[in-house]
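The file coords_7.tsv contains TSV, C-alpha atoms and all ligand atoms:
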```tsv
chain	number	residue	atom	x	y	z
S	311	MET	CA	0.00	0.00	0.00
S	312	PRO	CA	1.54	3.41	-0.93
S	313	LEU	CA	2.06	6.01	1.79
S	314	VAL	CA	-0.59	8.71	1.82
S	315	TYR	CA	-0.17	12.21	3.30
S	316	ARG	CA	-3.52	13.73	4.15
S	317	PRO	CA	-5.06	16.36	6.45
S	318	ALA	CA	-5.78	14.95	9.91
S	319	ARG	CA	-9.35	14.37	11.08
S	320	ALA	CA	-10.78	14.54	14.58
S	321	ASP	CA	-11.08	10.76	14.76
S	322	ASP	CA	-7.32	10.38	14.06
S	323	LEU	CA	-6.28	12.29	17.16
S	324	ALA	CA	-6.43	9.49	19.73
S	325	ALA	CA	-4.19	7.38	17.46
S	326	THR	CA	-1.80	10.28	16.79
S	327	ASP	CA	-1.48	10.89	20.53
S	328	ALA	CA	-0.60	7.21	21.07
S	329	LEU	CA	1.99	7.49	18.27
S	330	VAL	CA	3.50	10.65	19.76
S	331	VAL	CA	3.76	9.09	23.25
S	332	ALA	CA	5.45	5.98	21.80
S	333	CYS	CA	7.90	8.10	19.74
S	334	ILE	CA	8.83	10.36	22.66
S	335	ASN	CA	9.44	7.43	25.00
S	336	ASP	CA	11.44	5.55	22.35
S	337	LEU	CA	13.67	8.62	22.01
S	338	THR	CA	14.03	9.47	25.70
S	339	VAL	CA	14.68	5.86	26.73
S	340	ARG	CA	17.27	5.45	23.95
S	341	HIS	CA	19.09	8.52	25.30
S	342	GLY	CA	19.07	7.34	28.90
S	343	PHE	CA	16.40	9.70	30.25
S	344	GLY	CA	13.73	7.06	30.83
S	345	PRO	CA	10.14	7.45	29.59
S	346	MET	CA	8.91	11.06	29.53
S	347	ALA	CA	5.41	10.98	28.04
S	348	THR	CA	2.07	9.52	29.07
S	349	ALA	CA	-1.15	9.43	27.03
S	350	SER	CA	-3.64	12.27	27.51
S	351	PRO	CA	-6.88	13.30	25.80
S	352	PRO	CA	-5.91	15.22	22.62
S	353	SER	CA	-7.87	18.33	23.63
S	354	PHE	CA	-5.49	21.00	22.35
S	355	GLN	CA	-4.98	19.10	19.08
S	356	LEU	CA	-8.77	19.02	18.63
S	357	PHE	CA	-9.01	22.72	19.47
S	358	SER	CA	-6.35	23.52	16.82
S	359	LEU	CA	-8.02	21.27	14.25
S	360	GLU	CA	-11.35	23.04	14.71
S	361	ASP	CA	-9.64	26.44	14.67
S	362	ASP	CA	-7.40	25.91	11.63
S	363	PRO	CA	-7.41	22.43	10.00
S	364	ASP	CA	-4.57	23.36	7.59
S	365	GLY	CA	-1.97	22.74	10.30
S	366	LEU	CA	-2.56	19.04	11.07
S	367	TRP	CA	-1.32	16.23	8.81
S	368	VAL	CA	-0.93	12.47	9.00
S	369	ALA	CA	1.14	9.96	7.02
S	370	GLU	CA	-0.83	6.78	6.58
S	371	ASP	CA	-0.04	3.32	5.29
S	372	GLY	CA	-3.33	1.45	4.84
S	373	GLU	CA	-5.10	1.73	8.18
S	374	GLU	CA	-1.93	2.56	10.11
S	375	ILE	CA	-0.86	6.10	10.99
S	376	LEU	CA	2.95	6.30	10.68
S	377	GLY	CA	3.51	10.01	11.20
S	378	PHE	CA	1.86	13.18	12.49
S	379	ALA	CA	2.60	16.89	12.10
S	380	TRP	CA	0.72	19.72	13.80
S	381	SER	CA	1.28	23.45	13.62
S	382	TRP	CA	-0.77	26.43	14.80
S	383	VAL	CA	-0.63	30.16	14.06
S	384	CYS	CA	-1.25	33.21	16.26
S	385	GLY	CA	-0.86	36.52	14.48
S	386	ASP	CA	2.66	36.66	13.09
S	387	VAL	CA	3.90	33.52	14.84
S	388	TRP	CA	3.72	30.00	13.39
S	389	PHE	CA	4.56	27.23	15.83
S	390	LEU	CA	5.28	23.56	15.12
S	391	ALA	CA	3.61	21.79	18.04
S	392	GLN	CA	4.42	18.19	17.03
S	393	LEU	CA	6.28	16.24	14.37
S	394	PHE	CA	6.60	12.52	14.98
S	395	VAL	CA	7.27	9.43	12.91
S	396	ASP	CA	6.84	5.80	13.99
S	397	PRO	CA	10.27	4.66	15.28
S	398	ALA	CA	10.17	1.65	12.94
S	399	ARG	CA	9.83	3.98	9.92
S	400	GLN	CA	12.14	6.88	10.82
S	401	GLY	CA	14.86	7.90	8.38
S	402	GLU	CA	12.75	7.17	5.27
S	403	GLY	CA	11.79	10.76	4.44
S	404	ILE	CA	8.34	10.73	6.12
S	405	GLY	CA	9.19	13.47	8.63
S	406	ASN	CA	10.50	15.70	5.85
S	407	GLU	CA	7.31	15.25	3.79
S	408	LEU	CA	5.10	16.06	6.78
S	409	LEU	CA	7.23	19.07	7.65
S	410	LYS	CA	6.90	20.41	4.08
S	411	ARG	CA	3.13	20.35	4.48
S	412	THR	CA	3.15	22.24	7.77
S	413	MET	CA	5.65	24.71	6.27
S	414	ASP	CA	3.03	25.36	3.58
S	415	HIS	CA	0.66	26.15	6.41
S	416	ALA	CA	3.16	28.76	7.64
S	417	ARG	CA	3.51	30.24	4.17
S	418	LYS	CA	-0.24	30.46	3.56
S	419	SER	CA	-0.83	32.08	6.95
S	420	GLY	CA	1.73	34.79	6.15
S	421	ALA	CA	3.41	34.36	9.56
S	422	ALA	CA	6.64	36.34	9.86
S	423	HIS	CA	8.19	34.09	12.52
S	424	LYS	CA	8.46	30.32	12.85
S	425	ALA	CA	9.42	28.40	15.99
S	426	LEU	CA	9.33	25.03	17.71
S	427	ILE	CA	10.68	23.28	20.80
S	428	THR	CA	12.56	20.02	20.29
S	429	PHE	CA	14.79	17.68	22.30
S	430	THR	CA	18.36	18.91	22.74
S	431	PHE	CA	19.56	15.32	22.37
S	432	ASN	CA	17.81	14.62	19.05
S	433	ARG	CA	20.30	15.15	16.24
S	434	VAL	CA	17.83	14.07	13.56
S	435	SER	CA	15.10	16.59	14.35
S	436	GLN	CA	17.61	19.45	14.66
S	437	GLY	CA	19.27	18.62	11.36
S	438	LEU	CA	15.90	18.32	9.65
S	439	TYR	CA	14.72	21.67	11.02
S	440	MET	CA	17.93	23.41	9.96
S	441	ARG	CA	17.32	22.04	6.46
S	442	HIS	CA	14.07	24.02	6.62
S	443	ARG	CA	15.89	27.14	7.88
S	444	LEU	CA	14.88	26.88	11.53
S	445	PHE	CA	17.94	27.32	13.72
S	446	PRO	CA	18.91	26.57	17.35
S	447	LYS	CA	18.10	29.60	19.47
S	448	MET	CA	18.36	28.73	23.15
S	449	PRO	CA	18.01	25.84	25.60
S	450	ILE	CA	14.77	25.38	27.52
S	451	TYR	CA	15.04	23.24	30.65
S	452	PHE	CA	12.24	21.21	32.13
S	453	PHE	CA	12.65	21.61	35.89
S	454	ASN	CA	10.79	19.86	38.67
S	455	VAL	CA	10.85	19.39	42.42
S	456	GLU	CA	8.86	17.67	45.18
S	457	ARG	CA	6.37	20.21	46.51
S	458	GLU	CA	7.33	19.41	50.11
S	459	ARG	CA	10.91	20.39	49.35
S	460	ILE	CA	10.13	24.02	48.54
S	461	ARG	CA	7.16	24.65	50.79
S	462	GLN	CA	9.06	25.94	53.81
S	463	THR	CA	11.67	28.05	52.10
S	464	LEU	CA	9.71	30.15	49.60
S	465	PRO	CA	9.27	33.83	50.42
S	466	GLN	CA	5.81	35.39	50.58
S	467	PRO	CA	4.49	35.97	47.04
S	468	PRO	CA	5.88	39.30	45.85
S	469	LEU	CA	2.91	39.93	43.51
S	470	ARG	CA	-0.84	39.87	44.01
S	471	ALA	CA	-2.74	37.25	41.98
S	472	THR	CA	-6.37	37.43	40.85
S	473	ALA	CA	-8.18	34.80	38.77
S	474	ILE	CA	-8.27	35.44	35.02
S	475	ASP	CA	-11.79	35.97	33.73
S	476	GLY	CA	-12.85	35.84	30.10
S	477	GLY	CA	-13.93	39.51	29.98
S	478	ALA	CA	-12.88	41.85	27.17
S	479	ALA	CA	-10.67	44.02	29.41
S	480	THR	CA	-8.76	41.00	30.74
S	481	MET	CA	-8.30	39.60	27.24
S	482	GLU	CA	-6.92	42.96	26.12
S	483	ASN	CA	-4.42	42.93	28.99
S	484	LEU	CA	-3.32	39.39	28.16
S	485	ALA	CA	-2.94	40.26	24.47
S	486	GLY	CA	-0.79	43.26	25.39
S	487	ILE	CA	1.51	41.17	27.59
S	488	ASP	CA	1.84	38.43	24.95
S	489	SER	CA	2.60	40.93	22.19
S	490	ARG	CA	5.50	42.26	24.22
S	491	ALA	CA	6.72	38.87	25.43
S	492	ILE	CA	6.38	36.72	22.30
S	493	GLY	CA	5.32	39.05	19.49
S	494	ALA	CA	1.71	37.88	19.06
S	495	SER	CA	-1.65	37.91	20.81
S	496	ARG	CA	-2.80	34.46	21.91
S	497	GLU	CA	-6.34	35.30	22.89
S	498	LYS	CA	-7.77	32.08	21.44
S	499	HIS	CA	-5.28	30.05	23.47
S	500	HIS	CA	-6.14	31.89	26.67
S	501	ARG	CA	-9.78	31.02	26.00
S	502	TYR	CA	-8.74	27.40	25.53
S	503	LEU	CA	-6.90	27.39	28.89
S	504	LEU	CA	-9.80	29.09	30.67
S	505	ASP	CA	-12.06	26.22	29.53
S	506	ASP	CA	-9.65	23.61	30.90
S	507	PRO	CA	-10.93	22.54	34.35
S	508	ALA	CA	-7.46	21.21	35.28
S	509	THR	CA	-5.77	24.61	34.79
S	510	LYS	CA	-6.03	27.83	36.79
S	511	GLY	CA	-4.94	31.19	35.36
S	512	VAL	CA	-4.09	34.35	37.30
S	513	LEU	CA	-3.29	37.95	36.45
S	514	LEU	CA	-0.39	39.27	38.52
S	515	TYR	CA	-0.24	42.78	39.99
S	516	ALA	CA	2.50	44.91	41.54
S	517	GLY	CA	0.38	47.45	43.43
S	518	ASP	CA	-2.22	48.49	40.86
S	519	ASP	CA	-0.03	47.74	37.86
S	520	ILE	CA	-0.38	44.57	35.83
S	521	ALA	CA	2.86	42.64	36.15
S	522	GLY	CA	2.06	39.53	34.13
S	523	TYR	CA	-0.02	36.41	34.04
S	524	GLY	CA	0.54	32.74	34.84
S	525	TYR	CA	-1.20	29.37	34.77
S	526	ILE	CA	-0.90	26.35	37.08
S	527	GLY	CA	-2.15	22.87	36.29
S	528	SER	CA	-3.67	20.63	38.95
S	529	ASN	CA	-0.53	18.50	38.41
S	530	GLY	CA	1.61	21.37	39.79
S	531	HIS	CA	2.93	22.49	36.41
S	532	ILE	CA	3.51	26.24	35.95
S	533	GLY	CA	3.11	27.83	32.51
S	534	PRO	CA	2.57	29.61	30.31
S	535	LEU	CA	3.76	32.65	32.23
S	536	ALA	CA	4.47	36.04	30.67
S	537	VAL	CA	5.44	39.49	31.90
S	538	PRO	CA	5.38	42.89	30.19
S	539	ARG	CA	9.05	43.60	31.11
S	540	PRO	CA	12.01	41.24	31.70
S	541	ASP	CA	12.73	42.67	35.19
S	542	LEU	CA	9.31	41.40	36.36
S	543	LEU	CA	10.03	37.76	35.55
S	544	ARG	CA	11.61	36.68	38.84
S	545	ASN	CA	8.77	38.03	40.97
S	546	ALA	CA	6.17	36.55	38.64
S	547	PHE	CA	7.82	33.13	38.78
S	548	ALA	CA	8.27	33.37	42.57
S	549	THR	CA	4.57	34.16	42.96
S	550	MET	CA	3.53	31.22	40.78
S	551	LEU	CA	5.88	28.89	42.69
S	552	LYS	CA	4.28	29.99	45.94
S	553	LEU	CA	0.77	29.38	44.55
S	554	ALA	CA	1.85	25.94	43.34
S	555	ALA	CA	3.49	25.17	46.69
S	556	ASP	CA	0.25	26.04	48.48
S	557	GLY	CA	-1.62	23.56	46.25
S	558	SER	CA	-1.82	19.80	46.61
S	559	ALA	CA	0.16	18.41	43.67
S	560	GLU	CA	3.05	16.12	44.61
S	561	LYS	CA	5.49	17.83	42.25
S	562	ILE	CA	6.01	21.33	40.91
S	563	SER	CA	7.43	21.86	37.44
S	564	ALA	CA	8.11	24.51	34.78
S	565	PHE	CA	9.93	25.01	31.47
S	566	LEU	CA	12.61	27.69	31.89
S	567	PRO	CA	14.40	29.24	28.89
S	568	GLY	CA	18.17	29.66	29.11
S	569	THR	CA	17.76	33.42	28.63
S	570	CYS	CA	15.67	33.82	31.81
S	571	ASP	CA	18.55	34.13	34.31
S	572	SER	CA	16.48	35.34	37.24
S	573	ALA	CA	13.94	32.49	36.97
S	574	LEU	CA	16.72	29.94	36.50
S	575	SER	CA	18.52	31.21	39.62
S	576	LEU	CA	15.34	31.04	41.66
S	577	ALA	CA	14.61	27.49	40.44
S	578	ILE	CA	18.11	26.28	41.31
S	579	ASP	CA	18.12	28.06	44.69
S	580	GLN	CA	14.83	26.35	45.51
S	581	GLY	CA	16.30	22.92	44.78
S	582	MET	CA	14.50	22.38	41.49
S	583	ARG	CA	16.15	19.80	39.24
S	584	ILE	CA	16.73	19.78	35.48
S	585	THR	CA	14.90	16.75	34.13
S	586	PHE	CA	14.85	17.18	30.34
S	587	PRO	CA	16.93	19.58	28.24
S	588	MET	CA	14.91	20.99	25.34
S	589	LEU	CA	15.78	23.49	22.63
S	590	LEU	CA	13.96	26.40	21.00
S	591	MET	CA	14.55	26.51	17.26
S	592	ALA	CA	13.30	29.43	15.21
S	593	SER	CA	13.49	31.37	11.99
S	594	PRO	CA	16.25	34.02	12.04
S	595	GLY	CA	15.45	36.99	14.24
S	596	TYR	CA	12.86	35.31	16.47
S	597	GLY	CA	12.96	33.71	19.91
S	598	ASP	CA	14.81	35.87	22.42
S	599	TRP	CA	12.39	35.06	25.19
S	600	THR	CA	13.26	36.93	28.37
S	601	GLN	CA	9.64	37.51	29.40
S	602	TYR	CA	8.03	34.15	28.75
S	603	LEU	CA	7.96	30.64	30.22
S	604	PRO	CA	6.29	28.20	27.83
S	605	ARG	CA	3.70	25.68	29.01
S	606	ASN	CA	5.11	22.72	27.07
S	607	PRO	CA	6.66	21.94	23.66
S	608	GLY	CA	3.23	21.73	21.99
S	609	PHE	CA	1.36	24.67	23.50
S	610	MET	CA	4.51	26.83	23.53
S	701	LIG	C1	12.42	13.87	13.97
S	701	LIG	C2	11.56	12.97	13.10
S	701	LIG	C3	10.14	13.50	13.07
S	701	LIG	C4	12.11	13.00	11.67
S	701	LIG	O1	11.34	12.16	10.84
S	701	LIG	P1	12.06	11.09	9.89
S	701	LIG	O2	11.01	10.53	9.00
S	701	LIG	O3	12.84	10.16	10.75
S	701	LIG	O4	13.06	12.05	9.09
S	701	LIG	P2	13.41	12.06	7.54
S	701	LIG	O5	13.82	10.69	7.15
S	701	LIG	O6	12.31	12.69	6.78
S	701	LIG	O7	14.62	13.09	7.51
S	701	LIG	C5	15.77	12.86	8.22
S	701	LIG	C6	16.69	14.03	7.94
S	701	LIG	O8	17.22	14.54	9.18
S	701	LIG	C7	18.51	15.07	8.92
S	701	LIG	N1	19.47	14.38	9.78
S	701	LIG	C8	19.42	13.11	10.27
S	701	LIG	N2	20.48	12.88	11.08
S	701	LIG	C9	21.21	14.01	11.09
S	701	LIG	C10	22.40	14.40	11.76
S	701	LIG	N3	23.06	13.57	12.57
S	701	LIG	N4	22.85	15.66	11.54
S	701	LIG	C11	22.19	16.54	10.75
S	701	LIG	N5	21.07	16.20	10.08
S	701	LIG	C12	20.57	14.96	10.27
S	701	LIG	C13	18.83	14.85	7.45
S	701	LIG	O9	18.42	16.00	6.76
S	701	LIG	C14	17.91	13.68	7.13
S	701	LIG	O10	17.55	13.62	5.78
S	701	LIG	P3	18.48	12.74	4.77
S	701	LIG	O11	18.63	11.41	5.40
S	701	LIG	O12	17.66	12.74	3.51
S	701	LIG	O13	19.76	13.50	4.66
S	701	LIG	C15	11.55	11.51	13.61
S	701	LIG	O14	12.87	11.00	13.52
S	701	LIG	C16	11.03	11.36	15.02
S	701	LIG	O15	9.83	11.18	15.21
S	701	LIG	N6	11.93	11.41	16.02
S	701	LIG	C17	11.57	11.24	17.41
S	701	LIG	C18	10.69	12.34	17.93
S	701	LIG	C19	11.18	13.75	17.73
S	701	LIG	O16	12.23	14.13	18.18
S	701	LIG	N7	10.36	14.56	17.06
S	701	LIG	C20	10.60	15.97	16.90
S	701	LIG	C21	9.89	16.67	18.01
S	701	LIG	S1	9.89	18.40	17.78
```
When written as structure tokens, how does the structure in this file appear?
Amino acid sequence: MPLVYRPARADDLAATDALVVACINDLTVRHGFGPMATASPPSFQLFSLEDDPDGLWVAEDGEEILGFAWSWVCGDVWFLAQLFVDPARQGEGIGNELLKRTMDHARKSGAAHKALITFTFNRVSQGLYMRHRLFPKMPIYFFNVERERIRQTLPQPPLRATAIDGGAATMENLAGIDSRAIGASREKHHRYLLDDPATKGVLLYAGDDIAGYGYIGSNGHIGPLAVPRPDLLRNAFATMLKLAADGSAEKISAFLPGTCDSALSLAIDQGMRITFPMLLMASPGYGDWTQYLPRNPGFM
């Protein structure tokens, strides 16, 4: 049966999630990191498919899905959320074909910037992305820690936090922060997060001034987090750590870019541990994040 590349459908997404989990764990186990991924409902994939079906592609051989690519666009930013090929069929050109199709998505959308987060230890993905003119920009470390370990030592939260509502004024504030931090408004993605019962979002204030926003999952994961100025990042991260520490999750985690010195110092001083080294790759001129902590490699 010849390989077919076709747009993904909603009923593919459970199978593509299983494929992605298997590919990630194959890679991380091979490199000595142990399994990293577990299956989860493909809610954000489904949200992206309904929002903009041009960004999701599968490679199929008969009934079997062998590869999956998924990109989304916000304003001027195109982001490759996932690109995965069945470990038994890697190195045959499938990833490159899928990537070409998502690159067409970027072209059609007119996005000025392209970015993705990949594994620092995957030579294949990095080489393939460079072939498509996406270059290594900075490391992003996945940090975590037992909640009990940081509970006693954290200072009082330096910023005031109030729950994010879906009102127009709040959305305007979030769009303003995102434009400064990452160069695009992500209003639709904030609406997605607000609908997620396992995630809580807060606006952060220094006095009466808005000093950023952050989200915490019920699993203790912090992110995305963004601030309107780089000097606000440490206090914003400290506040989110305190909120997470006051919660009930066993572990607390976050993705911290290598350019965010103040957040990295705080994480290390609090005993957080680097678990997985990741890498931001981007089109030239994009990706100096000093005001943004991504949620994960798919959401950004
Ligand atoms: C990354 C991945 C999607 C690529 O798909 P694939 O079908 O294996 O890749 P292809 O066969 O289309 O292309 C491989 C290309 O990578 C590049 N490449 C491979 N090894 C390389 C190396 N050591 N140095 C530089 N470039 C390299 C080459 O351009 C190669 O093409 P070529 O063999 O024609 O020269 C797939 O290997 C995969 O799923 N890996 C595990 C998960 C992962 O890391 N995904 C990316 C997450 S962002």
Edge lengths and centre in Å, axis-aligned, ligand LIG 701 (chain S) plus 6 Å each side, as lines of an AutoDock Vina configuration file:
```
center_x = 16.4
center_y = 14.3
center_z = 10.8
size_x = 25.2
size_y = 20.2
size_z = 26.7
```
How many Å separate CA of Val331 (chain S) from CA of Thr428 (chain S)?
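CA of Thr428 (chain S) lies at a distance of 14.3 Å from CA of Val331 (chain S).
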One number please: CA of Ala516 (chain S) to CA of Ile450 (chain S), in Å, one decimal.
27.0 Å
Give the residue list for ligand LIG 701 (chain S) at 7 Å, counting only C-alpha atoms and all ligand atoms, as a PyMOL selection string, sorted by chain and then by residue number.
chain S and resi 333-334+337+392-397+399-407+426-429+432-438+441
Within 7 Å of Glu456 (chain S), counting only C-alpha atoms, which residues qualify if same-chain residues fewer than 4 places away don't, as a list in words?
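Within the cut-off, the hits are Glu560, Lys561 and Ile562 of chain S.
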Given the choices S:Ser350, S:Ser563, S:Thr569, S:Ser358, which gets closest to Ile460 (chain S) if the distance is worked out from only C-alpha atoms?
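Smallest distance to Ile460 (chain S) is found for S:Ser563.
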9 Å contact set for region 549-552 of chain S, all atoms listed in the file, chain neighbours under 5 positions out, as a CSV table (one decimal) with C-alpha atoms, in the coordinates of the input:
```csv
chain,number,residue,atom,x,y,z
S,460,ILE,CA,10.1,24.0,48.5
S,461,ARG,CA,7.2,24.6,50.8
S,464,LEU,CA,9.7,30.2,49.6
S,465,PRO,CA,9.3,33.8,50.4
S,466,GLN,CA,5.8,35.4,50.6
S,467,PRO,CA,4.5,36.0,47.0
S,468,PRO,CA,5.9,39.3,45.8
S,469,LEU,CA,2.9,39.9,43.5
S,470,ARG,CA,-0.8,39.9,44.0
S,471,ALA,CA,-2.7,37.2,42.0
S,512,VAL,CA,-4.1,34.4,37.3
S,514,LEU,CA,-0.4,39.3,38.5
S,524,GLY,CA,0.5,32.7,34.8
S,525,TYR,CA,-1.2,29.4,34.8
S,526,ILE,CA,-0.9,26.4,37.1
S,532,ILE,CA,3.5,26.2,36.0
S,533,GLY,CA,3.1,27.8,32.5
S,535,LEU,CA,3.8,32.6,32.2
S,544,ARG,CA,11.6,36.7,38.8
S,557,GLY,CA,-1.6,23.6,46.2
S,562,ILE,CA,6.0,21.3,40.9
S,563,SER,CA,7.4,21.9,37.4
```
Could you pull the residues within 9 Å of Asp386 (chain S), counting only C-alpha atoms, minus those fewer than 5 positions along the same chain, as a count of residues only?
9
Quote the spacing between CA of Gly344 (chain S) and CA of Ala425 (chain S) in Å to one decimal place.
26.3 Å
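Residues in contact with Asn529 (chain S) at 6 Å, where only C-alpha atoms are counted and same-chain residues fewer than 2 positions away are skipped, are listed as Gly527, His531 and Ala559 of chain S.
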Counting all atoms listed in the file, which residues sit no farther than 8 Å from the position (13.7, 18.5, 30.9) in the file's frame? I'd like them as a ChimeraX atom specification.
/S:450-453,565,584-588
Which residue out of S:Met591, S:Ala521, S:Val314, S:Ala536 has the minimum interatomic distance to Ala573 (chain S) when only C-alpha atoms are used?
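Answer, going by the shortest atom-to-atom distance: S:Ala536.
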Kindly provide, as a list in words, the polymer residues lying within 10 Å of (8.2, 23.4, 6.2), counting all atoms listed in the file and using the coordinates exactly as they appear in the file.
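Here is the list of nearby residues: Leu390, Asn406, Glu407, Leu408, Leu409, Lys410, Arg411, Thr412, Met413, Asp414, His415, Ala416, Arg417, Lys424, Leu438, Tyr439, Arg441, His442, Arg443 and Leu444 of chain S.
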For the residues selected in the previous step, produce a file with C-alpha atoms as a PDB file, in the coordinates of the input.
```pdb
ATOM      1  CA  LEU S 390       5.280  23.560  15.120  1.00  0.00           C
ATOM      2  CA  ASN S 406      10.500  15.700   5.850  1.00  0.00           C
ATOM      3  CA  GLU S 407       7.310  15.250   3.790  1.00  0.00           C
ATOM      4  CA  LEU S 408       5.100  16.060   6.780  1.00  0.00           C
ATOM      5  CA  LEU S 409       7.230  19.070   7.650  1.00  0.00           C
ATOM      6  CA  LYS S 410       6.900  20.410   4.080  1.00  0.00           C
ATOM      7  CA  ARG S 411       3.130  20.350   4.480  1.00  0.00           C
ATOM      8  CA  THR S 412       3.150  22.240   7.770  1.00  0.00           C
ATOM      9  CA  MET S 413       5.650  24.710   6.270  1.00  0.00           C
ATOM     10  CA  ASP S 414       3.030  25.360   3.580  1.00  0.00           C
ATOM     11  CA  HIS S 415       0.660  26.150   6.410  1.00  0.00           C
ATOM     12  CA  ALA S 416       3.160  28.760   7.640  1.00  0.00           C
ATOM     13  CA  ARG S 417       3.510  30.240   4.170  1.00  0.00           C
ATOM     14  CA  LYS S 424       8.460  30.320  12.850  1.00  0.00           C
ATOM     15  CA  LEU S 438      15.900  18.320   9.650  1.00  0.00           C
ATOM     16  CA  TYR S 439      14.720  21.670  11.020  1.00  0.00           C
ATOM     17  CA  ARG S 441      17.320  22.040   6.460  1.00  0.00           C
ATOM     18  CA  HIS S 442      14.070  24.020   6.620  1.00  0.00           C
ATOM     19  CA  ARG S 443      15.890  27.140   7.880  1.00  0.00           C
ATOM     20  CA  LEU S 444      14.880  26.880  11.530  1.00  0.00           C
TER      21      LEU S 444
END
```
Write out as a PyMOL selection string each polymer residue whose atoms come within 7 Å of Glu370 (chain S), counting all atoms listed in the file; drop sequence neighbours fewer than 4 positions from it.
chain S and resi 313-315+374-376
Determine the nearest neighbour of Lys418 (chain S) from the options S:Pro540, S:Phe378, S:Arg496, S:Asp362, counting all atoms listed in the file.
S:Asp362
Using the incomplete input, complete region 338-355 of chain S to the level of N, CA and C atoms; output as a short mmCIF file (atom, residue, chain, number, x, y, z; two decimals), in the coordinates of the input.
```cif
data_model
loop_
_atom_site.label_atom_id
_atom_site.label_comp_id
_atom_site.auth_asym_id
_atom_site.auth_seq_id
_atom_site.Cartn_x
_atom_site.Cartn_y
_atom_site.Cartn_z
N THR S 338 13.47 9.12 24.39
CA THR S 338 14.03 9.47 25.70
C THR S 338 14.65 8.24 26.38
N VAL S 339 14.08 7.07 26.15
CA VAL S 339 14.68 5.86 26.73
C VAL S 339 16.01 5.58 26.04
N ARG S 340 16.02 5.70 24.70
CA ARG S 340 17.27 5.45 23.95
C ARG S 340 18.40 6.36 24.43
N HIS S 341 18.05 7.56 24.87
CA HIS S 341 19.09 8.52 25.30
C HIS S 341 19.32 8.51 26.81
N GLY S 342 18.76 7.51 27.48
CA GLY S 342 19.07 7.34 28.90
C GLY S 342 18.26 8.20 29.85
N PHE S 343 17.20 8.84 29.37
CA PHE S 343 16.40 9.70 30.25
C PHE S 343 15.18 8.98 30.84
N GLY S 344 14.94 7.75 30.39
CA GLY S 344 13.73 7.06 30.83
C GLY S 344 12.52 7.61 30.11
N PRO S 345 11.33 6.98 30.30
CA PRO S 345 10.14 7.45 29.59
C PRO S 345 9.71 8.83 30.09
N MET S 346 9.28 9.69 29.18
CA MET S 346 8.91 11.06 29.53
C MET S 346 7.41 11.28 29.39
N ALA S 347 6.78 10.62 28.41
CA ALA S 347 5.41 10.98 28.04
C ALA S 347 4.39 9.94 28.51
N THR S 348 3.19 10.43 28.82
CA THR S 348 2.07 9.52 29.07
C THR S 348 0.89 10.00 28.22
N ALA S 349 -0.02 9.08 27.90
CA ALA S 349 -1.15 9.43 27.03
C ALA S 349 -2.06 10.43 27.73
N SER S 350 -2.66 11.32 26.95
CA SER S 350 -3.64 12.27 27.51
C SER S 350 -4.69 12.55 26.43
N PRO S 351 -5.87 13.01 26.82
CA PRO S 351 -6.88 13.30 25.80
C PRO S 351 -6.34 14.39 24.86
N PRO S 352 -6.51 14.26 23.55
CA PRO S 352 -5.91 15.22 22.62
C PRO S 352 -6.73 16.50 22.50
N SER S 353 -6.96 17.17 23.63
CA SER S 353 -7.87 18.33 23.63
C SER S 353 -7.31 19.51 22.85
N PHE S 354 -6.03 19.82 23.04
CA PHE S 354 -5.49 21.00 22.35
C PHE S 354 -5.35 20.73 20.84
N GLN S 355 -5.03 19.48 20.49
CA GLN S 355 -4.98 19.10 19.08
C GLN S 355 -6.36 19.33 18.44
#
```
